[in-house]
Each structure stands twice: as structure tokens, then as C-alpha cells.
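Pasted below: data-v3.pdb, PDB, C-alpha atoms and all ligand atoms.
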```pdb
ATOM      1  CA  MET A   1     -22.916 -10.470 -19.811  1.00  0.00           C
ATOM      2  CA  ASN A   2     -21.937 -10.874 -16.172  1.00  0.00           C
ATOM      3  CA  PRO A   3     -19.382  -8.179 -15.082  1.00  0.00           C
ATOM      4  CA  LEU A   4     -18.403 -10.332 -12.096  1.00  0.00           C
ATOM      5  CA  LYS A   5     -16.769 -12.814 -14.499  1.00  0.00           C
ATOM      6  CA  SER A   6     -13.728 -10.519 -14.913  1.00  0.00           C
ATOM      7  CA  ILE A   7     -11.805  -8.433 -12.399  1.00  0.00           C
ATOM      8  CA  SER A   8     -11.909  -5.323 -14.635  1.00  0.00           C
ATOM      9  CA  GLY A   9     -15.704  -5.716 -15.028  1.00  0.00           C
ATOM     10  CA  THR A  10     -16.007  -6.034 -11.256  1.00  0.00           C
ATOM     11  CA  ILE A  11     -13.980  -2.875 -10.596  1.00  0.00           C
ATOM     12  CA  ILE A  12     -15.768  -0.827 -13.274  1.00  0.00           C
ATOM     13  CA  SER A  13     -19.113  -1.946 -11.797  1.00  0.00           C
ATOM     14  CA  GLY A  14     -17.926  -0.772  -8.368  1.00  0.00           C
ATOM     15  CA  PHE A  15     -17.208   2.718  -9.715  1.00  0.00           C
ATOM     16  CA  VAL A  16     -20.535   2.826 -11.600  1.00  0.00           C
ATOM     17  CA  LEU A  17     -22.405   1.847  -8.418  1.00  0.00           C
ATOM     18  CA  ALA A  18     -20.477   4.479  -6.415  1.00  0.00           C
ATOM     19  CA  ILE A  19     -21.474   7.201  -8.914  1.00  0.00           C
ATOM     20  CA  VAL A  20     -25.123   6.088  -8.866  1.00  0.00           C
ATOM     21  CA  LEU A  21     -25.073   6.167  -5.054  1.00  0.00           C
ATOM     22  CA  MET A  22     -23.557   9.676  -5.095  1.00  0.00           C
ATOM     23  CA  PHE A  23     -26.595  10.879  -7.056  1.00  0.00           C
ATOM     24  CA  VAL A  24     -28.923   8.997  -4.701  1.00  0.00           C
ATOM     25  CA  LEU A  25     -27.275  10.698  -1.705  1.00  0.00           C
ATOM     26  CA  GLY A  26     -27.500  14.077  -3.445  1.00  0.00           C
ATOM     27  CA  THR A  27     -24.522  15.861  -4.979  1.00  0.00           C
ATOM     28  CA  THR A  28     -23.477  19.454  -4.235  1.00  0.00           C
ATOM     29  CA  GLY A  29     -23.108  20.227  -7.935  1.00  0.00           C
ATOM     30  CA  THR A  30     -19.385  21.016  -7.742  1.00  0.00           C
ATOM     31  CA  VAL A  31     -16.431  18.622  -7.908  1.00  0.00           C
ATOM     32  CA  ASN A  32     -14.630  18.107  -4.584  1.00  0.00           C
ATOM     33  CA  PRO A  33     -10.990  17.213  -5.478  1.00  0.00           C
ATOM     34  CA  TRP A  34     -10.058  16.527  -1.830  1.00  0.00           C
ATOM     35  CA  GLN A  35     -12.701  13.797  -1.553  1.00  0.00           C
ATOM     36  CA  PHE A  36     -11.740  12.400  -4.978  1.00  0.00           C
ATOM     37  CA  TRP A  37      -8.038  12.062  -4.115  1.00  0.00           C
ATOM     38  CA  VAL A  38      -8.649  10.684  -0.620  1.00  0.00           C
ATOM     39  CA  TRP A  39     -11.044   8.104  -2.106  1.00  0.00           C
ATOM     40  CA  MET A  40      -8.450   7.030  -4.731  1.00  0.00           C
ATOM     41  CA  HIS A  41      -5.762   7.146  -2.036  1.00  0.00           C
ATOM     42  CA  VAL A  42      -7.651   4.823   0.318  1.00  0.00           C
ATOM     43  CA  LEU A  43      -8.330   2.388  -2.556  1.00  0.00           C
ATOM     44  CA  ALA A  44      -4.609   2.331  -3.446  1.00  0.00           C
ATOM     45  CA  GLY A  45      -3.632   2.216   0.245  1.00  0.00           C
ATOM     46  CA  ILE A  46      -5.749  -0.827   1.065  1.00  0.00           C
ATOM     47  CA  THR A  47      -4.365  -2.600  -2.013  1.00  0.00           C
ATOM     48  CA  TRP A  48      -0.823  -1.902  -0.834  1.00  0.00           C
ATOM     49  CA  VAL A  49      -1.211  -2.563   2.867  1.00  0.00           C
ATOM     50  CA  GLY A  50      -3.653  -5.437   2.249  1.00  0.00           C
ATOM     51  CA  LEU A  51      -0.942  -7.190   0.241  1.00  0.00           C
ATOM     52  CA  LEU A  52       1.685  -6.276   2.867  1.00  0.00           C
ATOM     53  CA  TYR A  53      -0.451  -7.991   5.521  1.00  0.00           C
ATOM     54  CA  TYR A  54      -1.081 -10.930   3.159  1.00  0.00           C
ATOM     55  CA  PHE A  55       2.702 -11.416   2.788  1.00  0.00           C
ATOM     56  CA  ASN A  56       3.335 -11.134   6.521  1.00  0.00           C
ATOM     57  CA  PHE A  57       0.360 -13.037   7.909  1.00  0.00           C
ATOM     58  CA  ILE A  58      -0.229 -15.635   5.179  1.00  0.00           C
ATOM     59  CA  GLN A  59       2.406 -16.100   2.476  1.00  0.00           C
ATOM     60  CA  VAL A  60       5.623 -16.061   4.552  1.00  0.00           C
ATOM     61  CA  PRO A  61       4.312 -18.564   7.134  1.00  0.00           C
ATOM     62  CA  GLY A  62       2.714 -20.602   4.315  1.00  0.00           C
ATOM     63  CA  VAL A  63       5.972 -20.861   2.353  1.00  0.00           C
ATOM     64  CA  ALA A  64       7.902 -21.753   5.546  1.00  0.00           C
ATOM     65  CA  LYS A  65       5.405 -24.534   6.297  1.00  0.00           C
ATOM     66  CA  ALA A  66       5.483 -25.789   2.693  1.00  0.00           C
ATOM     67  CA  LEU A  67       9.305 -25.855   2.785  1.00  0.00           C
ATOM     68  CA  SER A  68       9.385 -27.780   6.061  1.00  0.00           C
ATOM     69  CA  GLU A  69       6.877 -30.342   4.761  1.00  0.00           C
ATOM     70  CA  ALA A  70       8.403 -30.701   1.270  1.00  0.00           C
ATOM     71  CA  ASN A  71      10.643 -33.588   2.390  1.00  0.00           C
ATOM     72  CA  ASP A  72       7.597 -35.475   3.747  1.00  0.00           C
ATOM     73  CA  GLY A  73       5.981 -35.567   0.310  1.00  0.00           C
ATOM     74  CA  GLY A  74       4.278 -32.166   0.533  1.00  0.00           C
ATOM     75  CA  PRO A  75       3.922 -30.075  -2.647  1.00  0.00           C
ATOM     76  CA  GLY A  76       6.539 -27.505  -1.531  1.00  0.00           C
ATOM     77  CA  PRO A  77       6.333 -23.739  -2.152  1.00  0.00           C
ATOM     78  CA  ALA A  78       7.195 -23.762  -5.900  1.00  0.00           C
ATOM     79  CA  ALA A  79       3.664 -22.963  -7.078  1.00  0.00           C
ATOM     80  CA  ILE A  80       3.332 -20.034  -4.646  1.00  0.00           C
ATOM     81  CA  ASN A  81       6.728 -18.670  -5.674  1.00  0.00           C
ATOM     82  CA  LYS A  82       6.021 -19.072  -9.378  1.00  0.00           C
ATOM     83  CA  TYR A  83       2.309 -18.238  -9.778  1.00  0.00           C
ATOM     84  CA  VAL A  84       1.308 -16.159  -6.755  1.00  0.00           C
ATOM     85  CA  ALA A  85       4.289 -14.165  -5.459  1.00  0.00           C
ATOM     86  CA  PRO A  86       5.304 -12.351  -8.699  1.00  0.00           C
ATOM     87  CA  ASN A  87       1.735 -11.169  -9.310  1.00  0.00           C
ATOM     88  CA  ALA A  88       1.257 -10.160  -5.673  1.00  0.00           C
ATOM     89  CA  LEU A  89       4.579  -8.273  -5.751  1.00  0.00           C
ATOM     90  CA  PHE A  90       3.552  -6.454  -8.942  1.00  0.00           C
ATOM     91  CA  TRP A  91       0.336  -5.110  -7.365  1.00  0.00           C
ATOM     92  CA  PHE A  92       2.143  -4.490  -4.071  1.00  0.00           C
ATOM     93  CA  ARG A  93       4.914  -2.246  -5.419  1.00  0.00           C
ATOM     94  CA  TRP A  94       2.755  -0.299  -7.883  1.00  0.00           C
ATOM     95  CA  ALA A  95      -0.024   0.204  -5.307  1.00  0.00           C
ATOM     96  CA  ALA A  96       2.697   1.685  -3.074  1.00  0.00           C
ATOM     97  CA  VAL A  97       3.526   4.240  -5.782  1.00  0.00           C
ATOM     98  CA  GLY A  98      -0.184   4.927  -6.390  1.00  0.00           C
ATOM     99  CA  THR A  99      -0.771   5.430  -2.667  1.00  0.00           C
ATOM    100  CA  TRP A 100       2.054   7.948  -2.411  1.00  0.00           C
ATOM    101  CA  LEU A 101       1.009   9.906  -5.513  1.00  0.00           C
ATOM    102  CA  THR A 102      -2.682  10.049  -4.603  1.00  0.00           C
ATOM    103  CA  GLY A 103      -1.665  10.995  -1.030  1.00  0.00           C
ATOM    104  CA  ALA A 104       0.386  13.880  -2.449  1.00  0.00           C
ATOM    105  CA  MET A 105      -2.578  14.973  -4.601  1.00  0.00           C
ATOM    106  CA  ALA A 106      -4.842  14.800  -1.524  1.00  0.00           C
ATOM    107  CA  LEU A 107      -2.338  16.964   0.387  1.00  0.00           C
ATOM    108  CA  GLU A 108      -2.437  19.598  -2.353  1.00  0.00           C
ATOM    109  CA  ALA A 109      -6.242  19.470  -2.514  1.00  0.00           C
ATOM    110  CA  MET A 110      -6.705  19.801   1.252  1.00  0.00           C
ATOM    111  CA  HIS A 111      -4.158  22.626   1.543  1.00  0.00           C
ATOM    112  CA  GLY A 112      -5.866  25.178  -0.714  1.00  0.00           C
ATOM    113  CA  GLY A 113      -4.602  28.762  -0.720  1.00  0.00           C
ATOM    114  CA  GLU A 114      -0.937  29.665  -1.136  1.00  0.00           C
ATOM    115  CA  GLY A 115       1.935  27.195  -0.976  1.00  0.00           C
ATOM    116  CA  SER A 116       2.142  23.424  -1.214  1.00  0.00           C
ATOM    117  CA  GLY A 117       0.355  20.837   0.920  1.00  0.00           C
ATOM    118  CA  VAL A 118       3.190  18.365   0.383  1.00  0.00           C
ATOM    119  CA  VAL A 119       5.707  20.895   1.754  1.00  0.00           C
ATOM    120  CA  ALA A 120       3.356  21.744   4.654  1.00  0.00           C
ATOM    121  CA  ALA A 121       3.014  18.062   5.597  1.00  0.00           C
ATOM    122  CA  PHE A 122       6.666  17.103   5.257  1.00  0.00           C
ATOM    123  CA  THR A 123       7.782  20.166   7.258  1.00  0.00           C
ATOM    124  CA  PHE A 124       5.114  19.559   9.950  1.00  0.00           C
ATOM    125  CA  ALA A 125       3.460  22.951   9.400  1.00  0.00           C
ATOM    126  CA  GLU A 126       0.693  23.937  11.835  1.00  0.00           C
ATOM    127  CA  GLY A 127      -2.485  21.968  11.008  1.00  0.00           C
ATOM    128  CA  PHE A 128      -0.521  19.335   9.062  1.00  0.00           C
ATOM    129  CA  ARG A 129       1.367  17.587  11.816  1.00  0.00           C
ATOM    130  CA  ALA A 130      -0.635  14.344  12.092  1.00  0.00           C
ATOM    131  CA  ILE A 131      -0.824  13.878   8.326  1.00  0.00           C
ATOM    132  CA  GLY A 132       2.859  14.908   8.087  1.00  0.00           C
ATOM    133  CA  MET A 133       3.845  12.120  10.477  1.00  0.00           C
ATOM    134  CA  GLY A 134       1.738   9.647   8.453  1.00  0.00           C
ATOM    135  CA  ALA A 135       3.191  10.923   5.169  1.00  0.00           C
ATOM    136  CA  TRP A 136       6.762  10.545   6.456  1.00  0.00           C
ATOM    137  CA  LEU A 137       6.113   6.994   7.662  1.00  0.00           C
ATOM    138  CA  GLY A 138       4.388   6.151   4.351  1.00  0.00           C
ATOM    139  CA  THR A 139       7.405   7.527   2.476  1.00  0.00           C
ATOM    140  CA  ILE A 140       9.809   5.386   4.524  1.00  0.00           C
ATOM    141  CA  MET A 141       7.557   2.404   3.724  1.00  0.00           C
ATOM    142  CA  LEU A 142       7.667   3.239  -0.008  1.00  0.00           C
ATOM    143  CA  PHE A 143      11.479   3.405   0.203  1.00  0.00           C
ATOM    144  CA  ASN A 144      11.546  -0.014   1.897  1.00  0.00           C
ATOM    145  CA  VAL A 145       9.347  -1.512  -0.850  1.00  0.00           C
ATOM    146  CA  TRP A 146      11.424  -0.296  -3.787  1.00  0.00           C
ATOM    147  CA  VAL A 147      14.939  -0.298  -2.305  1.00  0.00           C
ATOM    148  CA  LEU A 148      14.901  -3.248   0.110  1.00  0.00           C
ATOM    149  CA  ILE A 149      11.969  -5.590  -0.560  1.00  0.00           C
ATOM    150  CA  TRP A 150      11.600  -5.682  -4.354  1.00  0.00           C
ATOM    151  CA  PRO A 151      15.315  -5.998  -5.390  1.00  0.00           C
ATOM    152  CA  ASN A 152      15.790  -8.795  -2.833  1.00  0.00           C
ATOM    153  CA  GLN A 153      12.568 -10.567  -3.822  1.00  0.00           C
ATOM    154  CA  LYS A 154      13.776 -10.530  -7.427  1.00  0.00           C
ATOM    155  CA  LYS A 155      16.881 -12.459  -6.301  1.00  0.00           C
ATOM    156  CA  ILE A 156      14.880 -14.862  -4.095  1.00  0.00           C
ATOM    157  CA  LEU A 157      12.302 -15.683  -6.783  1.00  0.00           C
ATOM    158  CA  GLY A 158      14.829 -15.686  -9.656  1.00  0.00           C
ATOM    159  CA  LEU A 159      12.999 -12.824 -11.386  1.00  0.00           C
ATOM    160  CA  ASP A 160      16.272 -11.017 -12.183  1.00  0.00           C
ATOM    161  CA  GLY A 161      17.297 -13.772 -14.632  1.00  0.00           C
ATOM    162  CA  GLN A 162      20.460 -14.567 -12.644  1.00  0.00           C
ATOM    163  CA  THR A 163      21.498 -17.434 -10.393  1.00  0.00           C
ATOM    164  CA  HIS A 164      22.779 -16.545  -6.934  1.00  0.00           C
ATOM    165  CA  ASP A 165      24.780 -18.458  -4.311  1.00  0.00           C
ATOM    166  CA  ALA A 166      22.886 -19.839  -1.324  1.00  0.00           C
ATOM    167  CA  ASP A 167      24.459 -17.278   1.020  1.00  0.00           C
ATOM    168  CA  VAL A 168      23.338 -14.392  -1.253  1.00  0.00           C
ATOM    169  CA  ILE A 169      19.779 -15.783  -1.253  1.00  0.00           C
ATOM    170  CA  ALA A 170      19.878 -16.252   2.530  1.00  0.00           C
ATOM    171  CA  LYS A 171      20.965 -12.615   3.005  1.00  0.00           C
ATOM    172  CA  ALA A 172      18.306 -11.402   0.515  1.00  0.00           C
ATOM    173  CA  LYS A 173      15.640 -13.320   2.468  1.00  0.00           C
ATOM    174  CA  THR A 174      16.710 -11.720   5.754  1.00  0.00           C
ATOM    175  CA  VAL A 175      16.775  -8.169   4.350  1.00  0.00           C
ATOM    176  CA  ALA A 176      13.407  -8.576   2.561  1.00  0.00           C
ATOM    177  CA  LEU A 177      11.770 -10.117   5.627  1.00  0.00           C
ATOM    178  CA  MET A 178      13.076  -7.467   8.039  1.00  0.00           C
ATOM    179  CA  ALA A 179      12.001  -4.639   5.700  1.00  0.00           C
ATOM    180  CA  SER A 180       8.568  -6.231   5.268  1.00  0.00           C
ATOM    181  CA  ARG A 181       8.167  -6.657   9.033  1.00  0.00           C
ATOM    182  CA  THR A 182       9.322  -3.050   9.537  1.00  0.00           C
ATOM    183  CA  ASN A 183       6.608  -1.881   7.135  1.00  0.00           C
ATOM    184  CA  THR A 184       3.978  -3.932   8.968  1.00  0.00           C
ATOM    185  CA  LEU A 185       5.101  -2.285  12.211  1.00  0.00           C
ATOM    186  CA  LEU A 186       5.164   1.223  10.666  1.00  0.00           C
ATOM    187  CA  SER A 187       1.735   0.758   9.068  1.00  0.00           C
ATOM    188  CA  ILE A 188       0.119   0.973  12.518  1.00  0.00           C
ATOM    189  CA  PRO A 189       1.367   4.477  13.500  1.00  0.00           C
ATOM    190  CA  MET A 190       1.154   5.518   9.815  1.00  0.00           C
ATOM    191  CA  LEU A 191      -2.585   4.737   9.707  1.00  0.00           C
ATOM    192  CA  PHE A 192      -2.964   6.487  13.041  1.00  0.00           C
ATOM    193  CA  GLY A 193      -1.487   9.637  11.442  1.00  0.00           C
ATOM    194  CA  MET A 194      -3.746   9.312   8.374  1.00  0.00           C
ATOM    195  CA  THR A 195      -6.919   9.001  10.429  1.00  0.00           C
ATOM    196  CA  ALA A 196      -5.891  11.426  13.233  1.00  0.00           C
ATOM    197  CA  GLN A 197      -5.763  14.261  10.684  1.00  0.00           C
ATOM    198  CA  GLY A 198      -9.532  14.150  10.181  1.00  0.00           C
ATOM    199  CA  HIS A 199     -10.719  12.522  13.396  1.00  0.00           C
ATOM    200  CA  GLY A 200      -8.457  14.026  16.061  1.00  0.00           C
ATOM    201  CA  MET A 201      -5.873  12.587  18.430  1.00  0.00           C
ATOM    202  CA  LEU A 202      -6.634   9.510  20.538  1.00  0.00           C
ATOM    203  CA  PHE A 203      -6.132  11.445  23.784  1.00  0.00           C
TER     204      PHE A 203
HETATM  205  C1  LIG B   1       1.565   4.123   3.392  1.00  0.00           C
HETATM  206  C2  LIG B   1       0.378   3.890   2.951  1.00  0.00           C
HETATM  207  C3  LIG B   1      -0.800   4.773   3.204  1.00  0.00           C
HETATM  208  C4  LIG B   1      -2.033   4.341   3.560  1.00  0.00           C
HETATM  209  C5  LIG B   1      -2.485   2.891   3.715  1.00  0.00           C
HETATM  210  C6  LIG B   1      -2.864   5.504   3.758  1.00  0.00           C
HETATM  211  C7  LIG B   1      -4.179   5.462   4.145  1.00  0.00           C
HETATM  212  C8  LIG B   1      -4.986   6.548   4.344  1.00  0.00           C
HETATM  213  C9  LIG B   1      -6.355   6.516   4.808  1.00  0.00           C
HETATM  214  C10 LIG B   1      -7.121   5.257   5.190  1.00  0.00           C
HETATM  215  C11 LIG B   1      -6.817   7.780   4.830  1.00  0.00           C
HETATM  216  C12 LIG B   1      -8.239   8.231   5.187  1.00  0.00           C
HETATM  217  C13 LIG B   1      -8.244   8.868   6.547  1.00  0.00           C
HETATM  218  C14 LIG B   1      -9.575   9.468   6.890  1.00  0.00           C
HETATM  219  O1  LIG B   1     -10.254  10.027   6.018  1.00  0.00           O
HETATM  220  O2  LIG B   1      -9.950   9.409   8.071  1.00  0.00           O
HETATM  221  C15 LIG B   1      -5.756   8.617   4.373  1.00  0.00           C
HETATM  222  C16 LIG B   1      -5.849   9.973   4.246  1.00  0.00           C
HETATM  223  C17 LIG B   1      -4.853  10.756   3.736  1.00  0.00           C
HETATM  224  N1  LIG B   1      -3.567  10.371   3.407  1.00  0.00           N
HETATM  225 FE1  LIG B   1      -2.807   8.521   3.479  1.00  0.00          FE
HETATM  226  N2  LIG B   1      -2.112   6.620   3.501  1.00  0.00           N
HETATM  227  C18 LIG B   1      -0.840   6.227   3.159  1.00  0.00           C
HETATM  228  C19 LIG B   1       0.229   7.040   2.797  1.00  0.00           C
HETATM  229  C20 LIG B   1       0.141   8.395   2.578  1.00  0.00           C
HETATM  230  C21 LIG B   1       1.199   9.245   2.092  1.00  0.00           C
HETATM  231  C22 LIG B   1       2.620   8.763   1.772  1.00  0.00           C
HETATM  232  C23 LIG B   1       0.681  10.512   1.986  1.00  0.00           C
HETATM  233  C24 LIG B   1       1.325  11.761   1.510  1.00  0.00           C
HETATM  234  C25 LIG B   1       2.272  11.797   0.605  1.00  0.00           C
HETATM  235  C26 LIG B   1      -0.691  10.468   2.430  1.00  0.00           C
HETATM  236  C27 LIG B   1      -1.582  11.536   2.479  1.00  0.00           C
HETATM  237  C28 LIG B   1      -2.896  11.475   2.921  1.00  0.00           C
HETATM  238  C29 LIG B   1      -3.803  12.610   2.951  1.00  0.00           C
HETATM  239  C30 LIG B   1      -3.497  14.048   2.514  1.00  0.00           C
HETATM  240  C31 LIG B   1      -5.026  12.159   3.471  1.00  0.00           C
HETATM  241  C32 LIG B   1      -6.294  13.004   3.707  1.00  0.00           C
HETATM  242  C33 LIG B   1      -6.389  13.415   5.146  1.00  0.00           C
HETATM  243  C34 LIG B   1      -7.681  14.165   5.422  1.00  0.00           C
HETATM  244  O3  LIG B   1      -8.486  14.297   4.519  1.00  0.00           O
HETATM  245  O4  LIG B   1      -7.879  14.615   6.569  1.00  0.00           O
HETATM  246  N3  LIG B   1      -0.992   9.169   2.781  1.00  0.00           N
HETATM  247  N4  LIG B   1      -4.646   7.853   4.090  1.00  0.00           N
END
```
Could you take the file, read its structure, and then write that structure out as C-alpha cells?
Ligand code: HEM
Amino acid sequence: MNPLKSISGTIISGFVLAIVLMFVLGTTGTVNPWQFWVWMHVLAGITWVGLLYYFNFIQVPGVAKALSEANDGGPGPAAINKYVAPNALFWFRWAAVGTWLTGAMALEAMHGGEGSGVVAAFTFAEGFRAIGMGAWLGTIMLFNVWVLIWPNQKKILGLDGQTHDADVIAKAKTVALMASRTNTLLSIPMLFGMTAQGHGMLF
């Protein structure tokens, strides 16, 4: 049985290999929740932001090109919109939720002691300012996904089961695109905040 023949088998094998490698490296004998949540968080985060970059760098230009060539006998974007986009959007929006929740768990784990790490980060408490900036930007990005991108994509792709006028679709496309571009922009300082917490400021 080849685990690489299914995506779940592939992912399970990845976790099994990681656990084997932990033992090879030598464990401390106690569970480290901070490392666990950051690990899960980075996995969710790359799924989310990887798909965000896929939409911005590949799918949007690809659909635009397919639309412009459809009249010259090209296949048009129907297959992308029907078979690729809904699945990509599913992983995209739920990875966004997973990233936020695992980030919050990582904040609690790294805080230790009295009080809440989430409160410390979102109020820019001493020692939590870089991660607080990243957490705020990530939260704005999560808002954009669920409030601006997903409802408008449902209209554009006809996933809401309704038919809309061309001007409604045109407006939905503009709002979804601007929110998606905003998230691509915000991802750069957001990742700076995430990494600056553990690796220091750039200068
Ligand atoms: C928007 C998408 C996000 C992405 C792609 C992302 C990515 C990352 C990455 C790559 C790291 C590892 C940094 C390192 O170890 O050097 C990290 C750490 C972390 N992130 Fe995020 N993050 C996101 C959102 C959030 C949010 C919304 C929160 C809080 C609610 C959060 C909380 C944390 C925490 C607590 C750490 C650990 C920092 C440390 O251990 O020093 N992240 N994140």
C-alpha cells in the first residue's frame, strides 16, 4: 500500500516521519505546547497564505487570460471556476480560521504565568508588540476572507444558488479582488511581525 496515492496518506506519513525524527534528534521527555501550537500554526498559515498567493499570482491572471482568449476558440475559465476555485476557496477560508485559532493557542502557550497571551498581544503588552502587530494584521486578513472575499466569491461563482445581474457580479469581483490584494499586501508586514517576535527586529 503506497501512502503517496492519497492526500490523507501523504499527510499522515508526514506526521509519522516528523515524530520519528523527533526521537532521532532526542526529545526532552516533556511536551512543549508552545512548539506544538506554532508548528500547527505554521502548517495552517502556509496553507492559507499559499492559497492566497495562488489566487493572486496564478488563478486571477489565468482566468483573465482564459476569458480574453475564449472568443478565439480557447477553452475559457469555466473549468477553473467549477472544479478548482470552489475547492481552493474551501481550504483557503478554513485554513484562515485554523491559522487564527492555532495562533491564539500559541499566544497562550508562549505567555505562561498569569493573564492571557491573546490579551497581551492584542493590547501590545511589553514583550508582545511584534507578535501583537502580526496578530492584528492576521485578524484583519481573516475578516477580509470571511466578510469580503468569500461572500463575493459565492456570488461570482454562483455558489449561493442565486442569479445576479451583471453589475452586481462586476461589483462583487472588484470588492473580492481588492480585499484579496489587500491581504497579499498585509501578509508581508504580518509575516514580519510573526518572525520578528522570535528573531528580533530587522534594524
Ligand atoms: C495571517 C496568517 C498568519 C500566518 C501565515 C502566520 C505565520 C506564522 C509563522 C511562519 C510563525 C513562525 C515564526 C517563527 O517561529 O519565527 C508564526 C508564529 C506565531 N504566530 Fe502567526 N501567522 C499568522 C497569523 C497569526 C495570528 C492571527 C496570530 C494570533 C492570533 C498568530 C500568532 C502567532 C504566535 C503566537 C506565534 C509564535 C511566535 C513565537 O514563538 O515567537 N499568528 N506565525
Q: Return as a PyMOL selection string the residues of protein, DNA or RNA that approach ligand LIG 1 (chain B) to within 8 Å, with only C-alpha atoms and all ligand atoms taken into account.
A: chain A and resi 34-35+38-39+41-42+44-46+48-49+96+99-110+117-118+121+131-132+134-139+141-142+187+190-191+194-199
Q.
Given the PyMOL selection byres (((chain A and resi 54) around 12) and not hetatm) and the file above, list the residues it selects as a ChimeraX atom specification.
A. /A:46-53,55-62,84-85,88-89,92,180-181,184
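Using only C-alpha atoms for every distance, the candidate list A:Pro151, A:Pro3, A:Gly200, A:Gly29 yields A:Pro151 as the residue closest to Val175 (chain A).
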Q: Go ahead and compute the interatomic distance for CA of Ile169 (chain A) and CA of Lys155 (chain A), in Å to one decimal.
A: 6.7 Å
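Atom pair CA of Ala64 (chain A) / CA of Tyr83 (chain A) has a distance of 16.7 Å (rounded to one decimal).
Put simply, the PyMOL selection byres (((chain A and resi 148) around 12) and not hetatm) in this file takes in Arg93, Ile140, Met141, Leu142, Phe143, Asn144, Val145, Trp146, Val147, Ile149, Trp150, Pro151, Asn152, Gln153, Lys154, Lys155, Lys171, Ala172, Lys173, Thr174, Val175, Ala176, Leu177, Met178, Ala179, Ser180, Arg181, Thr182 and Asn183 of chain A.
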